[in-house]
file query01.txt (compact mmCIF, N, CA and C atoms and all ligand atoms)
# COMPACT_ATOMS: atom_id res chain seq x y z
N MET W 105 173.61 74.66 161.33
CA MET W 105 174.36 75.66 162.09
C MET W 105 174.20 77.04 161.45
N ASN W 106 173.99 78.03 162.30
CA ASN W 106 173.79 79.38 161.79
C ASN W 106 175.10 80.07 161.41
N ILE W 107 174.97 81.08 160.58
CA ILE W 107 176.12 81.89 160.21
C ILE W 107 175.99 83.23 160.94
N PHE W 108 177.06 83.66 161.58
CA PHE W 108 177.00 84.92 162.33
C PHE W 108 176.85 86.11 161.39
N GLU W 109 176.05 87.08 161.82
CA GLU W 109 175.86 88.30 161.03
C GLU W 109 176.98 89.30 161.28
N LYS W 110 177.49 89.28 162.51
CA LYS W 110 178.53 90.24 162.88
C LYS W 110 179.58 89.57 163.75
N HIS W 111 180.80 90.04 163.60
CA HIS W 111 181.89 89.57 164.43
C HIS W 111 182.55 90.77 165.11
N VAL W 112 182.91 90.58 166.35
CA VAL W 112 183.72 91.59 167.04
C VAL W 112 185.03 90.90 167.41
N PHE W 113 186.12 91.45 166.93
CA PHE W 113 187.44 90.92 167.26
C PHE W 113 188.07 91.82 168.31
N VAL W 114 188.56 91.19 169.36
CA VAL W 114 189.19 91.93 170.47
C VAL W 114 190.64 91.49 170.57
N CYS W 115 191.54 92.42 170.51
CA CYS W 115 192.97 92.10 170.62
C CYS W 115 193.28 91.70 172.06
N THR W 116 193.52 90.41 172.25
CA THR W 116 193.78 89.93 173.62
C THR W 116 195.15 89.27 173.76
N SER W 117 195.91 89.22 172.68
CA SER W 117 197.20 88.53 172.83
C SER W 117 198.37 89.31 172.24
N GLY W 118 198.17 90.58 171.97
CA GLY W 118 199.29 91.40 171.53
C GLY W 118 200.12 91.84 172.74
N LYS W 119 201.03 92.76 172.52
CA LYS W 119 201.93 93.18 173.60
C LYS W 119 201.31 94.21 174.54
N THR W 120 200.42 95.06 174.04
CA THR W 120 199.93 96.15 174.91
C THR W 120 198.45 96.05 175.27
N CYS W 121 197.61 95.62 174.37
CA CYS W 121 196.17 95.58 174.68
C CYS W 121 195.83 94.78 175.94
N PRO W 122 196.45 93.61 176.13
CA PRO W 122 196.12 92.87 177.36
C PRO W 122 196.45 93.66 178.62
N GLU W 123 197.54 94.43 178.57
CA GLU W 123 197.91 95.25 179.74
C GLU W 123 196.93 96.40 179.92
N GLN W 124 196.21 96.74 178.87
CA GLN W 124 195.27 97.86 178.93
C GLN W 124 193.83 97.38 179.20
N GLY W 125 193.68 96.10 179.50
CA GLY W 125 192.36 95.61 179.93
C GLY W 125 191.51 94.93 178.87
N SER W 126 192.13 94.44 177.81
CA SER W 126 191.33 93.87 176.72
C SER W 126 190.60 92.58 177.09
N GLU W 127 191.17 91.79 178.00
CA GLU W 127 190.48 90.55 178.41
C GLU W 127 189.16 90.89 179.10
N ALA W 128 189.18 91.90 179.93
CA ALA W 128 187.95 92.30 180.64
C ALA W 128 186.91 92.82 179.64
N VAL W 129 187.36 93.56 178.63
CA VAL W 129 186.45 94.05 177.60
C VAL W 129 185.84 92.87 176.85
N CYS W 130 186.67 91.92 176.48
CA CYS W 130 186.20 90.74 175.76
C CYS W 130 185.18 89.96 176.59
N ASP W 131 185.50 89.75 177.85
CA ASP W 131 184.58 89.02 178.75
C ASP W 131 183.25 89.76 178.88
N ALA W 132 183.32 91.08 179.01
CA ALA W 132 182.09 91.88 179.17
C ALA W 132 181.24 91.83 177.90
N LEU W 133 181.89 91.88 176.75
CA LEU W 133 181.16 91.77 175.48
C LEU W 133 180.46 90.42 175.38
N LYS W 134 181.18 89.36 175.69
CA LYS W 134 180.60 88.01 175.63
C LYS W 134 179.43 87.88 176.57
N GLU W 135 179.58 88.38 177.79
CA GLU W 135 178.53 88.27 178.79
C GLU W 135 177.27 89.04 178.36
N GLU W 136 177.48 90.24 177.85
CA GLU W 136 176.35 91.08 177.45
C GLU W 136 175.62 90.46 176.24
N ILE W 137 176.38 89.92 175.31
CA ILE W 137 175.78 89.27 174.14
C ILE W 137 174.94 88.06 174.59
N LYS W 138 175.48 87.33 175.53
CA LYS W 138 174.76 86.16 176.05
C LYS W 138 173.47 86.60 176.75
N GLU W 139 173.58 87.61 177.63
CA GLU W 139 172.42 88.07 178.39
C GLU W 139 171.30 88.59 177.47
N ARG W 140 171.70 89.17 176.35
CA ARG W 140 170.71 89.73 175.43
C ARG W 140 170.19 88.71 174.41
N GLY W 141 170.67 87.48 174.51
CA GLY W 141 170.20 86.43 173.60
C GLY W 141 170.66 86.62 172.17
N LEU W 142 171.85 87.21 172.00
CA LEU W 142 172.36 87.50 170.66
C LEU W 142 173.46 86.54 170.20
N LYS W 143 173.66 85.48 170.95
CA LYS W 143 174.79 84.58 170.64
C LYS W 143 174.70 83.91 169.28
N LYS W 144 173.50 83.78 168.75
CA LYS W 144 173.37 83.10 167.45
C LYS W 144 173.68 84.02 166.28
N THR W 145 173.69 85.32 166.52
CA THR W 145 173.90 86.25 165.40
C THR W 145 175.18 87.07 165.52
N ILE W 146 175.68 87.24 166.75
CA ILE W 146 176.88 88.06 166.94
C ILE W 146 177.93 87.24 167.67
N ARG W 147 179.11 87.23 167.09
CA ARG W 147 180.21 86.44 167.66
C ARG W 147 181.32 87.36 168.18
N ILE W 148 181.74 87.12 169.39
CA ILE W 148 182.87 87.85 169.96
C ILE W 148 184.08 86.93 169.90
N ASN W 149 185.12 87.37 169.23
CA ASN W 149 186.32 86.55 169.09
C ASN W 149 187.54 87.24 169.68
N LYS W 150 188.36 86.45 170.34
CA LYS W 150 189.67 86.95 170.75
C LYS W 150 190.55 87.00 169.51
N ALA W 151 191.40 87.99 169.45
CA ALA W 151 192.28 88.12 168.28
C ALA W 151 193.69 88.47 168.74
N GLY W 152 194.62 88.23 167.86
CA GLY W 152 196.00 88.62 168.11
C GLY W 152 196.18 90.09 167.81
N CYS W 153 197.43 90.51 167.84
CA CYS W 153 197.76 91.92 167.62
C CYS W 153 197.21 92.40 166.28
N MET W 154 196.63 93.59 166.30
CA MET W 154 196.06 94.20 165.09
C MET W 154 197.00 95.23 164.49
N GLY W 155 198.20 95.27 165.01
CA GLY W 155 199.19 96.19 164.45
C GLY W 155 198.98 97.65 164.85
N GLN W 156 198.22 97.88 165.89
CA GLN W 156 197.94 99.26 166.34
C GLN W 156 198.25 99.38 167.83
N CYS W 157 199.32 98.77 168.24
CA CYS W 157 199.67 98.66 169.65
C CYS W 157 199.79 100.03 170.32
N GLY W 158 199.38 100.06 171.60
CA GLY W 158 199.46 101.29 172.38
C GLY W 158 198.18 102.09 172.35
N ASN W 159 197.24 101.69 171.51
CA ASN W 159 195.97 102.42 171.39
C ASN W 159 194.81 101.63 171.96
N GLY W 160 195.13 100.57 172.65
CA GLY W 160 194.09 99.66 173.09
C GLY W 160 193.41 100.05 174.38
N PRO W 161 192.55 99.13 174.74
CA PRO W 161 192.19 97.93 174.01
C PRO W 161 191.56 98.26 172.64
N MET W 162 192.06 97.55 171.64
CA MET W 162 191.56 97.72 170.27
C MET W 162 190.51 96.65 169.98
N ILE W 163 189.42 97.06 169.32
CA ILE W 163 188.48 96.07 168.81
C ILE W 163 188.09 96.47 167.38
N VAL W 164 187.64 95.50 166.61
CA VAL W 164 187.13 95.81 165.28
C VAL W 164 185.85 95.03 165.06
N VAL W 165 184.87 95.71 164.47
CA VAL W 165 183.55 95.13 164.22
C VAL W 165 183.41 94.88 162.72
N TYR W 166 183.09 93.64 162.37
CA TYR W 166 182.84 93.29 160.97
C TYR W 166 181.42 92.76 160.82
N PRO W 167 180.75 93.00 159.70
CA PRO W 167 181.32 93.46 158.43
C PRO W 167 181.45 94.98 158.30
N GLN W 168 181.04 95.75 159.32
CA GLN W 168 181.09 97.20 159.18
C GLN W 168 182.51 97.74 158.99
N GLY W 169 183.48 97.06 159.60
CA GLY W 169 184.85 97.54 159.54
C GLY W 169 185.07 98.74 160.44
N HIS W 170 184.36 98.77 161.56
CA HIS W 170 184.55 99.85 162.53
C HIS W 170 185.67 99.48 163.49
N TRP W 171 186.70 100.30 163.50
CA TRP W 171 187.82 100.08 164.42
C TRP W 171 187.65 101.01 165.61
N TYR W 172 187.66 100.43 166.82
CA TYR W 172 187.52 101.23 168.04
C TYR W 172 188.77 101.09 168.88
N CYS W 173 189.15 102.20 169.53
CA CYS W 173 190.36 102.21 170.35
C CYS W 173 190.03 102.63 171.78
N GLN W 174 190.94 102.30 172.67
CA GLN W 174 190.81 102.66 174.09
C GLN W 174 189.43 102.30 174.63
N VAL W 175 189.00 101.12 174.25
CA VAL W 175 187.68 100.65 174.68
C VAL W 175 187.77 100.16 176.13
N SER W 176 186.78 100.50 176.92
CA SER W 176 186.75 100.02 178.29
C SER W 176 185.46 99.25 178.54
N VAL W 177 185.42 98.59 179.67
CA VAL W 177 184.23 97.80 180.02
C VAL W 177 182.99 98.69 180.03
N LYS W 178 183.15 99.94 180.45
CA LYS W 178 181.98 100.83 180.51
C LYS W 178 181.44 101.20 179.12
N ASP W 179 182.19 100.93 178.08
CA ASP W 179 181.74 101.22 176.71
C ASP W 179 180.96 100.06 176.10
N VAL W 180 180.98 98.92 176.74
CA VAL W 180 180.45 97.69 176.13
C VAL W 180 178.96 97.79 175.78
N LYS W 181 178.16 98.27 176.70
CA LYS W 181 176.71 98.35 176.41
C LYS W 181 176.43 99.27 175.23
N GLU W 182 177.15 100.37 175.16
CA GLU W 182 176.95 101.31 174.06
C GLU W 182 177.37 100.67 172.73
N ILE W 183 178.46 99.94 172.74
CA ILE W 183 178.92 99.27 171.51
C ILE W 183 177.86 98.28 171.03
N ILE W 184 177.30 97.55 171.96
CA ILE W 184 176.29 96.56 171.58
C ILE W 184 175.02 97.24 171.08
N GLU W 185 174.56 98.22 171.84
CA GLU W 185 173.29 98.87 171.45
C GLU W 185 173.43 99.70 170.18
N LYS W 186 174.43 100.57 170.14
CA LYS W 186 174.52 101.49 169.00
C LYS W 186 175.12 100.86 167.75
N ASP W 187 176.21 100.14 167.92
CA ASP W 187 176.87 99.59 166.73
C ASP W 187 176.27 98.25 166.32
N LEU W 188 176.29 97.30 167.23
CA LEU W 188 175.90 95.94 166.85
C LEU W 188 174.40 95.79 166.59
N ILE W 189 173.58 96.52 167.30
CA ILE W 189 172.14 96.41 167.10
C ILE W 189 171.62 97.47 166.12
N GLU W 190 172.01 98.73 166.35
CA GLU W 190 171.48 99.80 165.49
C GLU W 190 172.33 100.05 164.25
N GLY W 191 173.56 99.53 164.24
CA GLY W 191 174.42 99.69 163.07
C GLY W 191 175.07 101.06 162.94
N LYS W 192 175.12 101.80 164.05
CA LYS W 192 175.70 103.15 164.01
C LYS W 192 177.12 103.16 164.56
N LYS W 193 177.96 103.96 163.93
CA LYS W 193 179.34 104.13 164.37
C LYS W 193 179.36 104.96 165.66
N ILE W 194 180.22 104.59 166.59
CA ILE W 194 180.36 105.39 167.82
C ILE W 194 181.58 106.29 167.63
N LYS W 195 181.31 107.53 167.26
CA LYS W 195 182.38 108.43 166.82
C LYS W 195 183.47 108.63 167.86
N ARG W 196 183.10 108.76 169.12
CA ARG W 196 184.12 109.06 170.13
C ARG W 196 185.11 107.91 170.33
N LEU W 197 184.75 106.71 169.91
CA LEU W 197 185.65 105.56 170.08
C LEU W 197 186.38 105.17 168.79
N ILE W 198 186.01 105.78 167.68
CA ILE W 198 186.61 105.41 166.40
C ILE W 198 188.11 105.66 166.40
N TYR W 199 188.83 104.70 165.94
CA TYR W 199 190.29 104.78 165.88
C TYR W 199 190.71 105.55 164.64
N LYS W 200 191.55 106.56 164.87
CA LYS W 200 192.10 107.34 163.75
C LYS W 200 193.60 107.16 163.76
N PRO W 201 194.13 106.31 162.89
CA PRO W 201 195.57 106.07 162.87
C PRO W 201 196.34 107.36 162.58
N LYS W 202 197.48 107.50 163.25
CA LYS W 202 198.28 108.71 163.03
C LYS W 202 199.12 108.57 161.78
S1 LIG Z 1 198.62 94.70 171.13
FE1 LIG Z 1 196.60 95.18 170.47
S2 LIG Z 1 196.95 96.05 168.52
FE2 LIG Z 1 198.91 95.32 169.08
call {"tool": "encode", "arguments": {"input": "query01.txt", "output": "structure tokens", "more": "lines below"}}
Ligand code: FES
result
Amino acid sequence: MNIFEKHVFVCTSGKTCPEQGSEAVCDALKEEIKERGLKKTIRINKAGCMGQCGNGPMIVVYPQGHWYCQVSVKDVKEIIEKDLIEGKKIKRLIYKPK
């Protein structure tokens, strides 16, 4: 069995992210990873509350430790191409805690 190189955690069971569309973001990430044949190296996981409620949908990419906020389905391709494949941070989506 292979070991994943990267994990994306999507908050899908907290109080606010699900209301902000996190399930759709998670589904879109999974679908895009599957279509691109990346399932053996990149894992998309549902996660509980990340303690940053109200800023969602929240996702975090490991091992980079990139926290993204207000992610929408339309951001999914960019996240996969720029962050997960090229390893670059997407500045406009980076979460900056207050
Ligand atoms: S509900 Fe998503 S961070 Fe709390």
call {"tool": "residues_near_ligand", "arguments": {"input": "query01.txt", "ligand": "ligand LIG 1 (chain Z)", "cutoff": "8 Å", "atoms": "all atoms listed in the file", "output": "list in words"}}
result
Val114, Cys115, Thr116, Ser117, Gly118, Lys119, Thr120, Cys121, Pro122, Glu123, Ala151, Gly152, Cys153, Met154, Gly155, Gln156, Cys157, Gly158, Asn159, Gly160, Pro161, Met162 and Ile163 of chain W
call {"tool": "write_last_selection", "arguments": {"input": "query01.txt", "atoms": "N, CA and C atoms", "output": "PDB file, keeping the file's coordinate frame"}}
result
ATOM      1  N   VAL W 114     188.560  91.190 169.360  1.00  0.00           N
ATOM      2  CA  VAL W 114     189.190  91.930 170.470  1.00  0.00           C
ATOM      3  C   VAL W 114     190.640  91.490 170.570  1.00  0.00           C
ATOM      4  N   CYS W 115     191.540  92.420 170.510  1.00  0.00           N
ATOM      5  CA  CYS W 115     192.970  92.100 170.620  1.00  0.00           C
ATOM      6  C   CYS W 115     193.280  91.700 172.060  1.00  0.00           C
ATOM      7  N   THR W 116     193.520  90.410 172.250  1.00  0.00           N
ATOM      8  CA  THR W 116     193.780  89.930 173.620  1.00  0.00           C
ATOM      9  C   THR W 116     195.150  89.270 173.760  1.00  0.00           C
ATOM     10  N   SER W 117     195.910  89.220 172.680  1.00  0.00           N
ATOM     11  CA  SER W 117     197.200  88.530 172.830  1.00  0.00           C
ATOM     12  C   SER W 117     198.370  89.310 172.240  1.00  0.00           C
ATOM     13  N   GLY W 118     198.170  90.580 171.970  1.00  0.00           N
ATOM     14  CA  GLY W 118     199.290  91.400 171.530  1.00  0.00           C
ATOM     15  C   GLY W 118     200.120  91.840 172.740  1.00  0.00           C
ATOM     16  N   LYS W 119     201.030  92.760 172.520  1.00  0.00           N
ATOM     17  CA  LYS W 119     201.930  93.180 173.600  1.00  0.00           C
ATOM     18  C   LYS W 119     201.310  94.210 174.540  1.00  0.00           C
ATOM     19  N   THR W 120     200.420  95.060 174.040  1.00  0.00           N
ATOM     20  CA  THR W 120     199.930  96.150 174.910  1.00  0.00           C
ATOM     21  C   THR W 120     198.450  96.050 175.270  1.00  0.00           C
ATOM     22  N   CYS W 121     197.610  95.620 174.370  1.00  0.00           N
ATOM     23  CA  CYS W 121     196.170  95.580 174.680  1.00  0.00           C
ATOM     24  C   CYS W 121     195.830  94.780 175.940  1.00  0.00           C
ATOM     25  N   PRO W 122     196.450  93.610 176.130  1.00  0.00           N
ATOM     26  CA  PRO W 122     196.120  92.870 177.360  1.00  0.00           C
ATOM     27  C   PRO W 122     196.450  93.660 178.620  1.00  0.00           C
ATOM     28  N   GLU W 123     197.540  94.430 178.570  1.00  0.00           N
ATOM     29  CA  GLU W 123     197.910  95.250 179.740  1.00  0.00           C
ATOM     30  C   GLU W 123     196.930  96.400 179.920  1.00  0.00           C
ATOM     31  N   ALA W 151     191.400  87.990 169.450  1.00  0.00           N
ATOM     32  CA  ALA W 151     192.280  88.120 168.280  1.00  0.00           C
ATOM     33  C   ALA W 151     193.690  88.470 168.740  1.00  0.00           C
ATOM     34  N   GLY W 152     194.620  88.230 167.860  1.00  0.00           N
ATOM     35  CA  GLY W 152     196.000  88.620 168.110  1.00  0.00           C
ATOM     36  C   GLY W 152     196.180  90.090 167.810  1.00  0.00           C
ATOM     37  N   CYS W 153     197.430  90.510 167.840  1.00  0.00           N
ATOM     38  CA  CYS W 153     197.760  91.920 167.620  1.00  0.00           C
ATOM     39  C   CYS W 153     197.210  92.400 166.280  1.00  0.00           C
ATOM     40  N   MET W 154     196.630  93.590 166.300  1.00  0.00           N
ATOM     41  CA  MET W 154     196.060  94.200 165.090  1.00  0.00           C
ATOM     42  C   MET W 154     197.000  95.230 164.490  1.00  0.00           C
ATOM     43  N   GLY W 155     198.200  95.270 165.010  1.00  0.00           N
ATOM     44  CA  GLY W 155     199.190  96.190 164.450  1.00  0.00           C
ATOM     45  C   GLY W 155     198.980  97.650 164.850  1.00  0.00           C
ATOM     46  N   GLN W 156     198.220  97.880 165.890  1.00  0.00           N
ATOM     47  CA  GLN W 156     197.940  99.260 166.340  1.00  0.00           C
ATOM     48  C   GLN W 156     198.250  99.380 167.830  1.00  0.00           C
ATOM     49  N   CYS W 157     199.320  98.770 168.240  1.00  0.00           N
ATOM     50  CA  CYS W 157     199.670  98.660 169.650  1.00  0.00           C
ATOM     51  C   CYS W 157     199.790 100.030 170.320  1.00  0.00           C
ATOM     52  N   GLY W 158     199.380 100.060 171.600  1.00  0.00           N
ATOM     53  CA  GLY W 158     199.460 101.290 172.380  1.00  0.00           C
ATOM     54  C   GLY W 158     198.180 102.090 172.350  1.00  0.00           C
ATOM     55  N   ASN W 159     197.240 101.690 171.510  1.00  0.00           N
ATOM     56  CA  ASN W 159     195.970 102.420 171.390  1.00  0.00           C
ATOM     57  C   ASN W 159     194.810 101.630 171.960  1.00  0.00           C
ATOM     58  N   GLY W 160     195.130 100.570 172.650  1.00  0.00           N
ATOM     59  CA  GLY W 160     194.090  99.660 173.090  1.00  0.00           C
ATOM     60  C   GLY W 160     193.410 100.050 174.380  1.00  0.00           C
ATOM     61  N   PRO W 161     192.550  99.130 174.740  1.00  0.00           N
ATOM     62  CA  PRO W 161     192.190  97.930 174.010  1.00  0.00           C
ATOM     63  C   PRO W 161     191.560  98.260 172.640  1.00  0.00           C
ATOM     64  N   MET W 162     192.060  97.550 171.640  1.00  0.00           N
ATOM     65  CA  MET W 162     191.560  97.720 170.270  1.00  0.00           C
ATOM     66  C   MET W 162     190.510  96.650 169.980  1.00  0.00           C
ATOM     67  N   ILE W 163     189.420  97.060 169.320  1.00  0.00           N
ATOM     68  CA  ILE W 163     188.480  96.070 168.810  1.00  0.00           C
ATOM     69  C   ILE W 163     188.090  96.470 167.380  1.00  0.00           C
TER      70      ILE W 163
END
call {"tool": "atom_distance", "arguments": {"input": "query01.txt", "atom1": "atom N of Gly125 in chain W", "atom2": "CA of Ile184 in chain W"}}
result
19.1 Å
call {"tool": "closest_residue", "arguments": {"input": "query01.txt", "among": "W:Gln124, W:Lys186, W:Ile146, W:Glu136", "to": "Gln174 in chain W", "atoms": "all atoms listed in the file"}}
result
W:Gln124
call {"tool": "atom_distance", "arguments": {"input": "query01.txt", "atom1": "CA of Lys195 in chain W", "atom2": "atom C of Tyr172 in chain W"}}
result
9.9 Å
call {"tool": "atom_distance", "arguments": {"input": "query01.txt", "atom1": "atom C of Val175 in chain W", "atom2": "CA of Lys144 in chain W"}}
result
24.0 Å
call {"tool": "closest_residue", "arguments": {"input": "query01.txt", "among": "W:Tyr199, W:Val112, W:Glu127, W:Glu139", "to": "Ile183 in chain W", "atoms": "only C-alpha atoms"}}
result
W:Val112
call {"tool": "select_by_dssp", "arguments": {"input": "query01.txt", "residues": "chain W", "states": "strand (DSSP E)", "output": "MDAnalysis selection string"}}
result
chainID W and resid 110:115 146:151 163:166 170:172
call {"tool": "closest_residue", "arguments": {"input": "query01.txt", "among": "W:Glu185, W:Ile198, W:Lys150, W:Thr145", "to": "Phe108 in chain W", "atoms": "all atoms listed in the file"}}
result
W:Thr145
call {"tool": "closest_residue", "arguments": {"input": "query01.txt", "among": "W:Ala128, W:Leu133, W:Leu188, W:Ile194", "to": "Pro167 in chain W", "atoms": "only C-alpha atoms"}}
result
W:Leu188
call {"tool": "closest_residue", "arguments": {"input": "query01.txt", "among": "W:Val165, W:Val180, W:Ile107, W:Cys173", "to": "Cys130 in chain W", "atoms": "only C-alpha atoms"}}
result
W:Val180
call {"tool": "axis_aligned_box", "arguments": {"input": "query01.txt", "around": "range 159-173 of chain W", "padding_each_side": "6 Å", "output": "lines of an AutoDock Vina configuration file"}}
result
center_x = 189.0
center_y = 97.7
center_z = 166.5
size_x = 28.5
size_y = 21.9
size_z = 28.4
call {"tool": "closest_residue", "arguments": {"input": "query01.txt", "among": "W:Glu182, W:Arg147, W:Val177, W:Gly169", "to": "Lys110 in chain W", "atoms": "all atoms listed in the file"}}
result
W:Arg147
